[in-house]
Amino acid sequence: MSEQLSPQEKMIKMIVTIVDRGKGQRVVDICLKHNIHVHFICLGMGTANSEILDYLGLGETDKDVVISMAPQFKIPKMFEAINTEMQLKRPGKGIIFTMPLSGISGPFARVLTEEERDRFEKEVNKMEESVKHDLILAVINQGHKEEVMAAAREAGATGGTVIHARNVGQETERFLGICIQPEKDIIGIIVKREHKQAIMKAISQVAGLNTACKGLIFSLPVDSLVGID
């Protein structure tokens, strides 16, 4: 089956699902059934006020934001299952979307097959030269953000944003072979593309899976940006 997959189908993507608070675990359970194993739940809040939501019948403003990663060929069936069970086509039930990755740390790459890694590297190399910035995301154990940011700044980063999240699902431990602390910090850093590899390497050295941070580091392409030179 793997030989019949196109390069695009092998491309690794980030999956973001936004649903009402308390329903994120149901999304994770669906993903696990489709052999998608790396998940983090963040707490979010919708921007519409409660009066508007009540009038439209859209439910609560508190949200679960589920972040997952998977090769493209696994995503369509997972989308169909989530849409059916979570009723996402109904207004106010939630949304789901994907974004391509532009880099992943070695430990996360090891959960992929050799062919999937090769496809990922080739697709990253083909990314348009017009992309000048990347968003680096470092998912680490809580309490280590200062050392991560210190390493990133030393390698050329100017700043970052921290999001609190929770790791869910024991399957991640089986695939990565590590014990993962449930409470996580996700550090987002926008960097120039020419600095991405050096900054990711610096973060990996102080916050990789062999450190107390137990970090997973990956990046996404940024195609439009205002506020950073």
# chains A, B, ... in the order shown; residues from 1 in each chain; ligands from 1

$ residues_around --residues "stretch 92-98 of chain A" --least-positions-apart "3" --cutoff "6 Å" --atoms "only C-alpha atoms" --output "list in words"
Met14, Ile15, Val16, Thr17, Ile18, Val19, Leu58 and Leu88 of chain A

$ write_last_selection --atoms "N, CA and C atoms" --output "short mmCIF file (atom, residue, chain, number, x, y, z; two decimals), in the first residue's frame"
data_model
loop_
_atom_site.label_atom_id
_atom_site.label_comp_id
_atom_site.auth_asym_id
_atom_site.auth_seq_id
_atom_site.Cartn_x
_atom_site.Cartn_y
_atom_site.Cartn_z
N MET A 14 0.23 19.18 10.54
CA MET A 14 -0.37 19.43 11.85
C MET A 14 -1.88 19.51 11.67
N ILE A 15 -2.61 18.88 12.57
CA ILE A 15 -4.08 18.90 12.55
C ILE A 15 -4.54 19.68 13.77
N VAL A 16 -5.37 20.68 13.56
CA VAL A 16 -5.91 21.49 14.66
C VAL A 16 -7.43 21.32 14.68
N THR A 17 -7.96 20.88 15.81
CA THR A 17 -9.41 20.71 15.97
C THR A 17 -9.87 21.57 17.13
N ILE A 18 -10.89 22.40 16.91
CA ILE A 18 -11.42 23.27 17.94
C ILE A 18 -12.87 22.87 18.20
N VAL A 19 -13.14 22.43 19.43
CA VAL A 19 -14.49 21.98 19.82
C VAL A 19 -14.82 22.57 21.19
N LEU A 58 -25.22 28.37 19.49
CA LEU A 58 -23.89 27.87 19.19
C LEU A 58 -23.16 27.31 20.41
N LEU A 88 -19.52 18.37 12.97
CA LEU A 88 -18.88 19.65 12.72
C LEU A 88 -19.56 20.45 11.62
#
